[in-house]
Structure formats: C-alpha cells, structure tokens
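Data from coords-v3.cif: mmCIF, C-alpha atoms (C1' of nucleotides)
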data_upload
loop_
_atom_site.group_PDB
_atom_site.id
_atom_site.type_symbol
_atom_site.label_atom_id
_atom_site.label_comp_id
_atom_site.auth_asym_id
_atom_site.auth_seq_id
_atom_site.Cartn_x
_atom_site.Cartn_y
_atom_site.Cartn_z
ATOM 1 C CA MET B 1 -17.193 25.391 -33.171
ATOM 2 C CA LYS B 2 -18.438 21.881 -32.885
ATOM 3 C CA GLY B 3 -17.092 18.487 -33.606
ATOM 4 C CA GLU B 4 -14.376 18.402 -30.966
ATOM 5 C CA GLY B 5 -14.064 14.959 -29.523
ATOM 6 C CA THR B 6 -16.638 13.488 -31.843
ATOM 7 C CA ARG B 7 -16.052 10.690 -34.278
ATOM 8 C CA THR B 8 -16.663 10.353 -37.934
ATOM 9 C CA PRO B 9 -19.999 8.594 -38.412
ATOM 10 C CA GLY B 10 -19.489 4.975 -39.214
ATOM 11 C CA THR B 11 -15.992 4.834 -37.833
ATOM 12 C CA VAL B 12 -15.338 1.878 -35.588
ATOM 13 C CA ARG B 13 -13.482 3.226 -32.596
ATOM 14 C CA SER B 14 -11.993 0.730 -30.197
ATOM 15 C CA VAL B 15 -11.770 1.363 -26.480
ATOM 16 C CA ARG B 16 -8.290 0.856 -25.079
ATOM 17 C CA ILE B 17 -8.194 -0.279 -21.454
ATOM 18 C CA ALA B 18 -4.908 -0.568 -19.581
ATOM 19 C CA THR B 19 -3.828 -1.583 -16.101
ATOM 20 C CA TRP B 20 -0.506 -0.770 -14.486
ATOM 21 C CA ASN B 21 0.934 -1.230 -11.043
ATOM 22 C CA VAL B 22 3.114 1.876 -11.056
ATOM 23 C CA ASN B 23 4.823 1.325 -7.674
ATOM 24 C CA SER B 24 4.427 4.951 -6.555
ATOM 25 C CA VAL B 25 2.823 7.361 -8.943
ATOM 26 C CA LYS B 26 5.023 10.124 -7.551
ATOM 27 C CA GLN B 27 8.173 8.290 -8.627
ATOM 28 C CA ARG B 28 6.597 7.237 -11.917
ATOM 29 C CA VAL B 29 5.470 10.610 -13.257
ATOM 30 C CA PRO B 30 8.375 10.777 -15.745
ATOM 31 C CA ARG B 31 7.305 7.381 -17.102
ATOM 32 C CA LEU B 32 3.547 7.638 -16.719
ATOM 33 C CA LEU B 33 2.893 10.851 -18.648
ATOM 34 C CA PRO B 34 4.935 9.930 -21.755
ATOM 35 C CA TRP B 35 3.363 6.489 -21.658
ATOM 36 C CA LEU B 36 -0.130 7.997 -21.660
ATOM 37 C CA ASP B 37 0.838 10.188 -24.608
ATOM 38 C CA ASP B 38 2.335 7.249 -26.485
ATOM 39 C CA ARG B 39 -0.195 4.495 -25.828
ATOM 40 C CA ARG B 40 -3.196 6.773 -25.497
ATOM 41 C CA PRO B 41 -5.379 4.470 -23.409
ATOM 42 C CA ASP B 42 -8.996 5.489 -22.898
ATOM 43 C CA VAL B 43 -9.267 3.883 -19.471
ATOM 44 C CA VAL B 44 -6.320 3.279 -17.144
ATOM 45 C CA CYS B 45 -6.409 1.314 -13.915
ATOM 46 C CA LEU B 46 -3.498 2.142 -11.620
ATOM 47 C CA GLN B 47 -2.285 0.315 -8.535
ATOM 48 C CA GLU B 48 0.206 1.128 -5.789
ATOM 49 C CA THR B 49 -0.263 4.835 -6.268
ATOM 50 C CA LYS B 50 0.985 5.355 -2.685
ATOM 51 C CA LEU B 51 -0.673 8.763 -2.432
ATOM 52 C CA THR B 52 -3.656 10.270 -0.676
ATOM 53 C CA ASP B 53 -6.374 11.439 -3.033
ATOM 54 C CA ASP B 54 -5.532 15.084 -2.348
ATOM 55 C CA ALA B 55 -1.862 14.501 -3.054
ATOM 56 C CA PHE B 56 -2.713 12.654 -6.281
ATOM 57 C CA VAL B 57 -4.797 15.574 -7.504
ATOM 58 C CA ASP B 58 -2.082 18.052 -6.548
ATOM 59 C CA LEU B 59 0.511 15.996 -8.381
ATOM 60 C CA LEU B 60 -1.317 15.057 -11.562
ATOM 61 C CA GLY B 61 -4.753 16.635 -11.645
ATOM 62 C CA ASP B 62 -3.855 19.289 -14.205
ATOM 63 C CA GLU B 63 -1.701 17.015 -16.357
ATOM 64 C CA LEU B 64 -4.472 14.441 -16.553
ATOM 65 C CA ALA B 65 -7.212 16.996 -17.175
ATOM 66 C CA ASP B 66 -5.133 18.411 -20.024
ATOM 67 C CA ARG B 67 -5.165 14.948 -21.567
ATOM 68 C CA GLY B 68 -8.905 14.621 -21.116
ATOM 69 C CA TYR B 69 -8.895 12.200 -18.204
ATOM 70 C CA ALA B 70 -11.340 12.237 -15.346
ATOM 71 C CA VAL B 71 -10.090 10.377 -12.278
ATOM 72 C CA ALA B 72 -11.570 8.094 -9.649
ATOM 73 C CA LEU B 73 -9.238 7.769 -6.677
ATOM 74 C CA HIS B 74 -8.943 5.621 -3.606
ATOM 75 C CA GLY B 75 -5.597 6.177 -1.979
ATOM 76 C CA GLU B 76 -3.817 6.357 1.320
ATOM 77 C CA ALA B 77 -0.669 7.966 2.559
ATOM 78 C CA ARG B 78 2.030 5.352 2.385
ATOM 79 C CA TRP B 79 1.114 2.045 0.781
ATOM 80 C CA ASN B 80 -1.476 0.673 -1.603
ATOM 81 C CA GLY B 81 -3.735 3.088 -3.467
ATOM 82 C CA VAL B 82 -5.708 2.562 -6.675
ATOM 83 C CA ALA B 83 -7.127 4.799 -9.373
ATOM 84 C CA ILE B 84 -9.083 4.828 -12.608
ATOM 85 C CA LEU B 85 -8.334 7.409 -15.290
ATOM 86 C CA SER B 86 -10.933 7.668 -18.009
ATOM 87 C CA ARG B 87 -11.710 9.736 -21.045
ATOM 88 C CA ALA B 88 -14.569 7.437 -21.953
ATOM 89 C CA GLY B 89 -16.864 8.662 -19.195
ATOM 90 C CA LEU B 90 -16.620 8.179 -15.453
ATOM 91 C CA ASP B 91 -19.760 7.552 -13.442
ATOM 92 C CA ALA B 92 -20.937 5.699 -10.364
ATOM 93 C CA VAL B 93 -17.582 5.725 -8.642
ATOM 94 C CA GLY B 94 -17.234 3.290 -5.778
ATOM 95 C CA MET B 95 -14.379 3.147 -3.301
ATOM 96 C CA GLY B 96 -13.359 -0.148 -1.795
ATOM 97 C CA LEU B 97 -15.393 -3.336 -1.682
ATOM 98 C CA ALA B 98 -18.529 -3.780 0.369
ATOM 99 C CA GLY B 99 -17.731 -5.772 3.455
ATOM 100 C CA ALA B 100 -14.088 -6.272 2.566
ATOM 101 C CA ALA B 101 -11.767 -7.430 5.279
ATOM 102 C CA GLY B 102 -8.783 -5.367 6.350
ATOM 103 C CA PHE B 103 -5.720 -6.492 8.211
ATOM 104 C CA PRO B 104 -4.689 -5.080 10.481
ATOM 105 C CA HIS B 105 -6.958 -2.281 9.245
ATOM 106 C CA PRO B 106 -8.849 -1.447 6.037
ATOM 107 C CA GLU B 107 -6.653 -0.596 3.055
ATOM 108 C CA ALA B 108 -7.166 1.260 -0.238
ATOM 109 C CA ARG B 109 -7.181 -1.629 -2.686
ATOM 110 C CA ALA B 110 -10.221 -1.232 -4.940
ATOM 111 C CA VAL B 111 -11.985 1.498 -6.859
ATOM 112 C CA SER B 112 -14.708 1.075 -9.453
ATOM 113 C CA ALA B 113 -16.436 3.246 -12.019
ATOM 114 C CA THR B 114 -18.597 2.964 -15.095
ATOM 115 C CA CYS B 115 -16.710 4.136 -18.174
ATOM 116 C CA GLY B 116 -18.630 4.247 -21.413
ATOM 117 C CA GLY B 117 -20.988 1.519 -20.304
ATOM 118 C CA ILE B 118 -18.241 -0.712 -18.963
ATOM 119 C CA ARG B 119 -18.051 -1.423 -15.260
ATOM 120 C CA VAL B 120 -14.346 -1.082 -14.457
ATOM 121 C CA VAL B 121 -12.806 -2.310 -11.219
ATOM 122 C CA SER B 122 -9.179 -1.459 -10.438
ATOM 123 C CA VAL B 123 -7.801 -3.786 -7.787
ATOM 124 C CA TYR B 124 -4.624 -4.280 -5.817
ATOM 125 C CA VAL B 125 -5.079 -7.654 -4.156
ATOM 126 C CA PRO B 126 -3.283 -8.079 -0.827
ATOM 127 C CA ASN B 127 0.126 -9.704 -1.096
ATOM 128 C CA GLY B 128 -0.401 -12.483 1.435
ATOM 129 C CA ARG B 129 3.216 -12.562 2.617
ATOM 130 C CA GLN B 130 3.510 -16.068 4.080
ATOM 131 C CA PRO B 131 1.011 -18.894 3.445
ATOM 132 C CA GLY B 132 -0.983 -19.499 6.583
ATOM 133 C CA SER B 133 -0.265 -16.058 8.032
ATOM 134 C CA GLU B 134 -2.873 -13.509 9.021
ATOM 135 C CA HIS B 135 -1.961 -11.594 5.880
ATOM 136 C CA TYR B 136 -2.608 -14.678 3.797
ATOM 137 C CA ARG B 137 -6.032 -15.241 5.357
ATOM 138 C CA TYR B 138 -6.783 -11.574 4.760
ATOM 139 C CA LYS B 139 -5.873 -12.006 1.099
ATOM 140 C CA LEU B 140 -8.301 -14.909 0.703
ATOM 141 C CA ALA B 141 -11.070 -13.073 2.559
ATOM 142 C CA TRP B 142 -10.536 -9.991 0.424
ATOM 143 C CA LEU B 143 -10.815 -12.097 -2.719
ATOM 144 C CA ASP B 144 -14.132 -13.433 -1.426
ATOM 145 C CA SER B 145 -15.404 -9.871 -1.145
ATOM 146 C CA LEU B 146 -14.174 -9.094 -4.638
ATOM 147 C CA ARG B 147 -16.022 -12.096 -6.029
ATOM 148 C CA GLU B 148 -19.208 -11.112 -4.207
ATOM 149 C CA THR B 149 -18.974 -7.577 -5.551
ATOM 150 C CA VAL B 150 -18.453 -8.678 -9.138
ATOM 151 C CA ALA B 151 -21.123 -11.379 -8.897
ATOM 152 C CA ALA B 152 -23.837 -8.737 -8.887
ATOM 153 C CA ALA B 153 -23.256 -7.971 -12.604
ATOM 154 C CA PRO B 154 -20.285 -9.752 -14.153
ATOM 155 C CA GLU B 155 -21.376 -9.524 -17.781
ATOM 156 C CA ALA B 156 -20.219 -5.991 -18.606
ATOM 157 C CA THR B 157 -17.567 -5.818 -15.883
ATOM 158 C CA VAL B 158 -13.816 -5.820 -16.305
ATOM 159 C CA VAL B 159 -11.610 -6.461 -13.293
ATOM 160 C CA CYS B 160 -8.158 -5.037 -13.901
ATOM 161 C CA GLY B 161 -5.163 -5.011 -11.666
ATOM 162 C CA ASP B 162 -2.480 -6.655 -9.661
ATOM 163 C CA MET B 163 -4.053 -9.905 -8.521
ATOM 164 C CA ASN B 164 -0.901 -11.030 -6.712
ATOM 165 C CA ILE B 165 -1.705 -14.526 -7.980
ATOM 166 C CA ALA B 166 -0.089 -16.354 -10.874
ATOM 167 C CA PRO B 167 -3.013 -18.312 -12.343
ATOM 168 C CA THR B 168 -0.993 -21.382 -13.357
ATOM 169 C CA ASP B 169 2.570 -22.684 -13.348
ATOM 170 C CA ASP B 170 2.874 -21.334 -16.892
ATOM 171 C CA ASP B 171 2.642 -17.873 -15.375
ATOM 172 C CA VAL B 172 5.899 -18.072 -13.399
ATOM 173 C CA PHE B 173 9.398 -18.427 -14.787
ATOM 174 C CA ASP B 174 10.166 -21.462 -12.657
ATOM 175 C CA PRO B 175 7.470 -23.151 -10.564
ATOM 176 C CA ASP B 176 10.088 -24.753 -8.329
ATOM 177 C CA ALA B 177 11.417 -21.322 -7.403
ATOM 178 C CA TYR B 178 8.008 -20.390 -5.996
ATOM 179 C CA ALA B 179 7.138 -23.671 -4.311
ATOM 180 C CA ASP B 180 5.126 -23.108 -1.139
ATOM 181 C CA GLN B 181 5.227 -19.337 -1.547
ATOM 182 C CA THR B 182 2.335 -16.963 -1.920
ATOM 183 C CA HIS B 183 0.994 -16.183 -5.398
ATOM 184 C CA VAL B 184 0.962 -19.828 -6.475
ATOM 185 C CA THR B 185 -0.687 -21.782 -3.659
ATOM 186 C CA PRO B 186 -3.819 -23.824 -4.448
ATOM 187 C CA PRO B 187 -6.149 -21.754 -2.222
ATOM 188 C CA GLU B 188 -5.106 -18.544 -3.947
ATOM 189 C CA ARG B 189 -5.522 -20.081 -7.387
ATOM 190 C CA ALA B 190 -8.874 -21.512 -6.328
ATOM 191 C CA ALA B 191 -10.038 -18.069 -5.236
ATOM 192 C CA LEU B 192 -9.017 -16.645 -8.593
ATOM 193 C CA ALA B 193 -10.751 -19.500 -10.404
ATOM 194 C CA GLU B 194 -13.942 -18.818 -8.437
ATOM 195 C CA LEU B 195 -13.801 -15.204 -9.523
ATOM 196 C CA GLN B 196 -13.342 -16.239 -13.143
ATOM 197 C CA ALA B 197 -16.146 -18.766 -12.780
ATOM 198 C CA LEU B 198 -18.536 -15.799 -12.679
ATOM 199 C CA GLY B 199 -17.839 -15.594 -16.397
ATOM 200 C CA LEU B 200 -14.695 -13.491 -16.496
ATOM 201 C CA HIS B 201 -12.116 -14.181 -19.187
ATOM 202 C CA ASP B 202 -8.365 -13.847 -18.697
ATOM 203 C CA VAL B 203 -8.054 -12.105 -22.029
ATOM 204 C CA VAL B 204 -4.263 -11.959 -22.252
ATOM 205 C CA ARG B 205 -3.869 -15.684 -21.664
ATOM 206 C CA GLU B 206 -6.681 -16.427 -24.081
ATOM 207 C CA ARG B 207 -4.896 -14.485 -26.794
ATOM 208 C CA TRP B 208 -1.468 -15.938 -25.984
ATOM 209 C CA PRO B 209 -2.329 -19.450 -24.810
ATOM 210 C CA ASN B 210 1.125 -20.954 -25.229
ATOM 211 C CA GLU B 211 3.445 -17.991 -24.852
ATOM 212 C CA ARG B 212 5.787 -16.848 -22.152
ATOM 213 C CA VAL B 213 4.006 -13.762 -20.806
ATOM 214 C CA PHE B 214 4.981 -11.974 -17.616
ATOM 215 C CA THR B 215 3.921 -8.661 -16.106
ATOM 216 C CA TYR B 216 6.213 -8.425 -13.084
ATOM 217 C CA TRP B 217 9.953 -8.845 -12.723
ATOM 218 C CA ASP B 218 11.846 -8.349 -9.484
ATOM 219 C CA TYR B 219 14.100 -5.311 -9.539
ATOM 220 C CA ARG B 220 17.016 -7.347 -8.276
ATOM 221 C CA ALA B 221 19.577 -9.502 -9.946
ATOM 222 C CA GLY B 222 18.732 -8.624 -13.521
ATOM 223 C CA MET B 223 15.469 -10.513 -13.446
ATOM 224 C CA PHE B 224 13.879 -8.422 -16.169
ATOM 225 C CA HIS B 225 16.923 -8.649 -18.385
ATOM 226 C CA GLN B 226 16.721 -12.438 -18.133
ATOM 227 C CA ASP B 227 12.925 -12.388 -18.465
ATOM 228 C CA LEU B 228 12.466 -14.170 -15.150
ATOM 229 C CA GLY B 229 9.099 -12.947 -13.985
ATOM 230 C CA MET B 230 5.521 -13.725 -13.160
ATOM 231 C CA ARG B 231 2.169 -12.933 -14.735
ATOM 232 C CA ILE B 232 0.144 -11.517 -11.873
ATOM 233 C CA ASP B 233 -1.439 -8.422 -13.432
ATOM 234 C CA LEU B 234 -4.604 -9.486 -15.178
ATOM 235 C CA VAL B 235 -7.500 -8.153 -17.187
ATOM 236 C CA LEU B 236 -10.552 -10.268 -16.420
ATOM 237 C CA ALA B 237 -13.398 -9.373 -18.738
ATOM 238 C CA GLY B 238 -17.057 -10.335 -18.653
ATOM 239 C CA ALA B 239 -18.367 -12.281 -21.618
ATOM 240 C CA SER B 240 -19.893 -9.337 -23.486
ATOM 241 C CA LEU B 241 -16.549 -7.526 -23.249
ATOM 242 C CA ALA B 242 -14.294 -10.516 -23.857
ATOM 243 C CA GLU B 243 -15.881 -11.138 -27.223
ATOM 244 C CA ARG B 244 -14.904 -7.607 -28.260
ATOM 245 C CA VAL B 245 -11.175 -8.068 -27.597
ATOM 246 C CA GLN B 246 -9.059 -7.091 -30.577
ATOM 247 C CA ALA B 247 -5.677 -7.054 -28.900
ATOM 248 C CA ALA B 248 -4.342 -7.965 -25.470
ATOM 249 C CA TRP B 249 -0.678 -7.644 -24.608
ATOM 250 C CA VAL B 250 1.942 -6.680 -22.058
ATOM 251 C CA ASP B 251 3.758 -3.410 -22.709
ATOM 252 C CA ARG B 252 7.284 -4.530 -21.877
ATOM 253 C CA GLN B 253 8.714 -1.269 -23.202
ATOM 254 C CA ALA B 254 7.434 0.419 -20.052
ATOM 255 C CA ARG B 255 9.560 -1.921 -17.920
ATOM 256 C CA LYS B 256 12.757 -0.942 -19.738
ATOM 257 C CA GLY B 257 15.002 2.077 -19.392
ATOM 258 C CA ARG B 258 15.390 4.500 -16.532
ATOM 259 C CA GLY B 259 13.160 4.504 -13.490
ATOM 260 C CA PRO B 260 10.595 1.837 -14.376
ATOM 261 C CA SER B 261 8.005 0.246 -12.133
ATOM 262 C CA ASP B 262 8.696 -3.408 -11.422
ATOM 263 C CA HIS B 263 5.402 -4.154 -13.213
ATOM 264 C CA ALA B 264 4.612 -3.614 -16.891
ATOM 265 C CA PRO B 265 1.232 -2.351 -18.095
ATOM 266 C CA VAL B 266 -1.314 -4.676 -19.665
ATOM 267 C CA ILE B 267 -3.185 -3.195 -22.615
ATOM 268 C CA VAL B 268 -6.464 -4.478 -24.056
ATOM 269 C CA ASP B 269 -8.319 -3.062 -27.037
ATOM 270 C CA LEU B 270 -12.053 -3.618 -27.321
ATOM 271 C CA ASP B 271 -13.973 -3.144 -30.519
ATOM 272 C CA GLU B 272 -16.884 -0.796 -30.116
ATOM 273 C CA ALA B 273 -19.465 -2.867 -31.955
ATOM 274 C CA PRO B 274 -20.279 -6.206 -30.339
ATOM 275 C CA ASP B 275 -21.652 -7.635 -33.559
ATOM 276 C CA GLY B 276 -19.473 -5.759 -36.025
ATOM 277 C CA ASP B 277 -16.697 -7.076 -38.205
ATOM 278 C CA ILE B 278 -13.499 -7.069 -36.224
ATOM 279 C CA GLY B 279 -11.171 -7.272 -39.196
ATOM 280 C CA PRO B 280 -7.601 -8.491 -39.265
ATOM 281 C CA VAL B 281 -5.820 -8.636 -35.978
ATOM 282 C CA VAL B 282 -2.496 -6.836 -36.040
ATOM 283 C CA PRO B 283 0.197 -8.270 -33.785
ATOM 284 C CA PRO B 284 0.932 -5.982 -30.861
ATOM 285 C CA PRO B 285 4.236 -4.085 -30.858
ATOM 286 C CA SER B 286 5.781 -6.135 -28.075
ATOM 287 C CA ALA B 287 4.368 -9.588 -28.580
ATOM 288 C CA PRO B 288 5.687 -12.195 -26.180
ATOM 289 C CA ARG B 289 8.464 -14.257 -27.616
ATOM 290 C CA ALA B 290 10.688 -16.945 -26.268
ATOM 291 C CA LYS B 291 9.839 -20.027 -24.327
ATOM 292 C CA ARG B 292 10.577 -20.424 -20.709
ATOM 293 C CA GLY B 293 14.037 -20.713 -19.278
ATOM 294 C CA SER B 294 14.899 -21.709 -15.763
ATOM 295 C CA ALA B 295 16.710 -19.951 -13.016
ATOM 296 C CA ARG B 296 16.504 -19.225 -9.352
ATOM 297 C CA LEU B 297 14.762 -16.566 -7.396
ATOM 298 C CA PRO B 298 17.228 -13.921 -6.265
ATOM 299 C CA GLN B 299 17.070 -14.959 -2.644
ATOM 300 C CA SER B 300 16.819 -18.696 -3.141
ATOM 301 C CA THR B 301 20.496 -19.581 -2.947
ATOM 302 C "C1'" DA P 1 24.387 -11.859 2.291
ATOM 303 C "C1'" DT P 2 19.354 -15.214 4.496
ATOM 304 C "C1'" DG P 3 15.786 -8.497 0.783
ATOM 305 C "C1'" DC P 4 21.074 -8.931 -4.143
ATOM 306 C "C1'" DC P 5 16.320 -3.368 -5.747
ATOM 307 C "C1'" DT P 6 13.089 0.250 -4.962
ATOM 308 C "C1'" DG P 7 9.993 3.273 -2.410
ATOM 309 C "C1'" DA P 8 8.059 5.559 1.908
ATOM 310 C "C1'" DA P 9 8.416 7.533 6.330
ATOM 311 C "C1'" DG P 10 11.106 9.306 9.359
ATOM 312 C "C1'" DG P 11 15.341 9.811 11.450
ATOM 313 C "C1'" DG P 12 20.726 8.496 10.890
ATOM 314 C "C1'" DT P 13 17.133 3.111 9.961
ATOM 315 C "C1'" DT P 14 13.066 0.028 9.216
ATOM 316 C "C1'" DC P 15 9.279 -2.011 6.797
ATOM 317 C "C1'" DA P 16 7.100 -3.640 2.658
ATOM 318 C "C1'" DG P 17 6.973 -5.736 -1.723
ATOM 319 C "C1'" DA P 18 6.177 -10.983 -4.558
#

Write the structure described by the file as structure tokens, please.
Amino acid sequence: MKGEGTRTPGTVRSVRIATWNVNSVKQRVPRLLPWLDDRRPDVVCLQETKLTDDAFVDLLGDELADRGYAVALHGEARWNGVAILSRAGLDAVGMGLAGAAGFPHPEARAVSATCGGIRVVSVYVPNGRQPGSEHYRYKLAWLDSLRETVAAAPEATVVCGDMNIAPTDDDVFDPDAYADQTHVTPPERAALAELQALGLHDVVRERWPNERVFTYWDYRAGMFHQDLGMRIDLVLAGASLAERVQAAWVDRQARKGRGPSDHAPVIVDLDEAPDGDIGPVVPPPSAPRAKRGSARLPQST
DNA sequence: ATGCCTGAAGGGTTCAGA
C-alpha cells in the first residue's frame, strides 16, 4: 500500500513550528502529549526538559515515535535541556553552540537540526540572575556565540526558544516592576537586537504589533489569571521563512488548567510555497486581547 | 514573608527560576 504520509498533489501544506519551555518534560507529559495531538505541530522546540537524553528517550521515545516524531536531544540531569521534535525531517543535528561559554561549567542550552530544509535552533538562553554578576556576563557571552552560529546562514534559519529577554518595554506587564532586573537591561536587549540584525524577524511581534502578548507568567500570586507576564519566548525567523508566515500566536490554553508550565507555547505556521498565494489569514484561536494593566511583581512589596 | 509557586535532588532541606 502506498500513499501513507503523502499529500494530494497541488495541496498547499503549511509547516507548523512551535516552541515551548515545558519546565520539566517529566512533569509535563500529561500536558505535552494531548497538546501535540491537539495542535499537531510539525516541528517542536522544547526547553527546560530537565532530563538526560537517555531518560528522555525512556520517557517519551515510544509516544513520540507513535506520533511520527524524530527527536534531537541535548539534555542534562537536573537543569536546562533542549530538544527538537520533528516529523518534517531531522538531519544534521548539532548539540550546543561552537565555542559557547559555560558558567560555572558548560550547560545544555542549544540543539539544532535541519527539518524539511529549515535550519531550526532550539535555545534556552541563560537566565542572568543579577545584572553585573558572573551569570549575567555568561548570558551575554552565550548570546554572542549564538549570534556567531546563526551568522553563518541566517536566511533559512529559525531560532526558537526561551530568550530570557523581553525585547521592549511593551513585552512586560509593567516596566517599572522590572527596573534594573535581568531580561530588560540595555545590554541584553542590545545582544538580542544584534542577533535580529542578522536578518531574523520576531514574527509574533510583527503579526501583533500593538497587542498585549506574553509567553511567561510567574506561578505565584495569580499572575497568569491577571495576565501579568512577559514575552520572552520568541520565534526569530530568517527572511525567506518570515515571508512565509501565515499565523503566529501564543497558545495560552496550554498555560491554563491543571499542571501547566509557567510558559505558554508559541506557534507559527509557514506556508509551503514561498511565492504562492497565501490566502485569507484566519485569526488564531487564542488571539491576544486586552491592553496592558499595571501591577506589581509578586516579591516587589 | 524579603521566593507568595513549582521542580529537582537528596535528605528531613536547599537551590534555581525570571
């Protein structure tokens, strides 16, 4: 029997790319598998898997294979950990970044693969902790290595993941609440801007230029319920990919209910044909809504 | 209350996260 997995000739099939900081894949299995079945992404970048590669395969290898996903893994035992799941092809897997700094030792924060002709990089940028700290300098050095890696061929590359940087003050619920903290400082934003200056497009912001869009909400103090968050999980697409974007949105449903990650997935649909008709753009199911409110960070009393 | 949740490792608590 033939025809399995093939498409009807002439059908325009979009490629759905998603990125999600799952905050422990082991804890997120009851959310991750139904989400894959519901959203049916072709390529998924995961961050904070918090598992060794062997443990990841033991936990999810069969479930993912059943769904047609091949996996590229770069994990470690306790913290960090990134992955790419793909049913659009998975070739030329690379772990880490060439020459990347580590502090106090190297960490599992990047994995890359070519999926259906798209160079995909799943990243978990270091947190930075306190501005001026060793961890902060490590974050900036790591971002330099990321830029250098992407610079080799930015055109058909998409960098997906938890950047741990809010690109502008519009990407935090209250700029005053984050004054002088990591994620918003000028050097971090400059490093992100330098990465984007390679020709990468922040496709969610480009589609929702004036909306309140967050991807992370602290677990504490009802921050999600009040929509007091930050937009730090980004999809940065090279020009030849950015022009194919049909939809780009944050899947807030995945942040609701029982046992969520503190991050929501970002989902981007690319049209297959660069020069084809894209057709009408249908609003995503959880389009961002209200304008910004103001409130305090949980600990800022 | 100076980390209000959550997760991991390991040990009866501490560190990390953004």

Identify every residue of chain P that has at least one atom within 10 Å of any atom of chain B, counting all atoms listed in the file, and report the result as a CSV table (one decimal) with C-alpha atoms (C1' of nucleotides), in the frame of the given file.
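Output file iface-v5.csv is given in full below:
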chain,number,residue,atom,x,y,z
P,1,DA,C1',24.4,-11.9,2.3
P,2,DT,C1',19.4,-15.2,4.5
P,3,DG,C1',15.8,-8.5,0.8
P,4,DC,C1',21.1,-8.9,-4.1
P,5,DC,C1',16.3,-3.4,-5.7
P,6,DT,C1',13.1,0.2,-5.0
P,7,DG,C1',10.0,3.3,-2.4
P,8,DA,C1',8.1,5.6,1.9
P,9,DA,C1',8.4,7.5,6.3
P,16,DA,C1',7.1,-3.6,2.7
P,17,DG,C1',7.0,-5.7,-1.7
P,18,DA,C1',6.2,-11.0,-4.6

Enclose range 186-204 of chain B, meaning all of its atoms listed in the file, in a box aligned along x, y and z, pad it by 8 Å on each side, and list the centre and edge lengths in Å to one decimal, as AutoDock Vina command-line options.
--center_x -11.2 --center_y -17.9 --center_z -12.2 --size_x 30.7 --size_y 27.9 --size_z 36.0

Quiz item: CA of Val266 in chain B and C1' of DC15 in chain P, how far apart in Å?
Solution: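 Distance between the two atoms: 28.6 Å.
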
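Remark: for Gly238 in chain B, the closest of the candidate residues B:Ala264, B:Val250, B:Ala152, B:Cys45 is B:Ala152 (distances computed over only C-alpha atoms).
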
Exercise. On this file, the PyMOL selection byres ((chain B and resi 18) around 12) gives some set of residues; write that set as a PyMOL selection string.
Key: chain B and resi 15-17+19-22+35-36+39-47+83-86+120-122+158-162+204+233-236+247-251+264-270

Exercise. List, as a VMD selection string, every residue that the PyMOL selection byres ((chain B and resi 142) around 9) selects in the file provided.
Key: chain B and resid 97 99 to 102 125 to 126 137 to 141 143 to 147

Exercise. In Å, rounded to a single decimal, give me how far CA of Arg87 in chain B is from CA of Glu63 in chain B.
Key: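 So the answer is 13.2 Å.
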
Quiz item: Interatomic distance between CA of Gly199 in chain B and CA of Ala242 in chain B?
Solution: 9.7 Å

Practice problem: Find the residue from B:Ala108, B:Thr185, B:Asp53, B:Arg67 that sits nearest to Tyr136 in chain B; use only C-alpha atoms when measuring. | Solution: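 Under the stated criterion, the closest residue is B:Thr185.
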
Practice problem: Compare B:Gly229, B:Pro186, B:Pro131, B:Pro106 by their minimum atom-to-atom distance to Val172 in chain B, counting only C-alpha atoms, and give me the closest one. | Solution: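 Closest residue, counting only C-alpha atoms: B:Gly229.
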
Quiz item: Care to translate the PyMOL selection byres ((chain B and resi 198) around 12) into actual residues of this file, as an MDAnalysis selection string?
Solution: chainID B and resid 146:159 191:197 199:202 236:239

Exercise. Determine the nearest neighbour of Arg231 in chain B from the options B:Phe214, B:Tyr124, B:Tyr69, B:Trp208, counting only C-alpha atoms.
Key: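 Smallest distance to Arg231 in chain B is found for B:Phe214.
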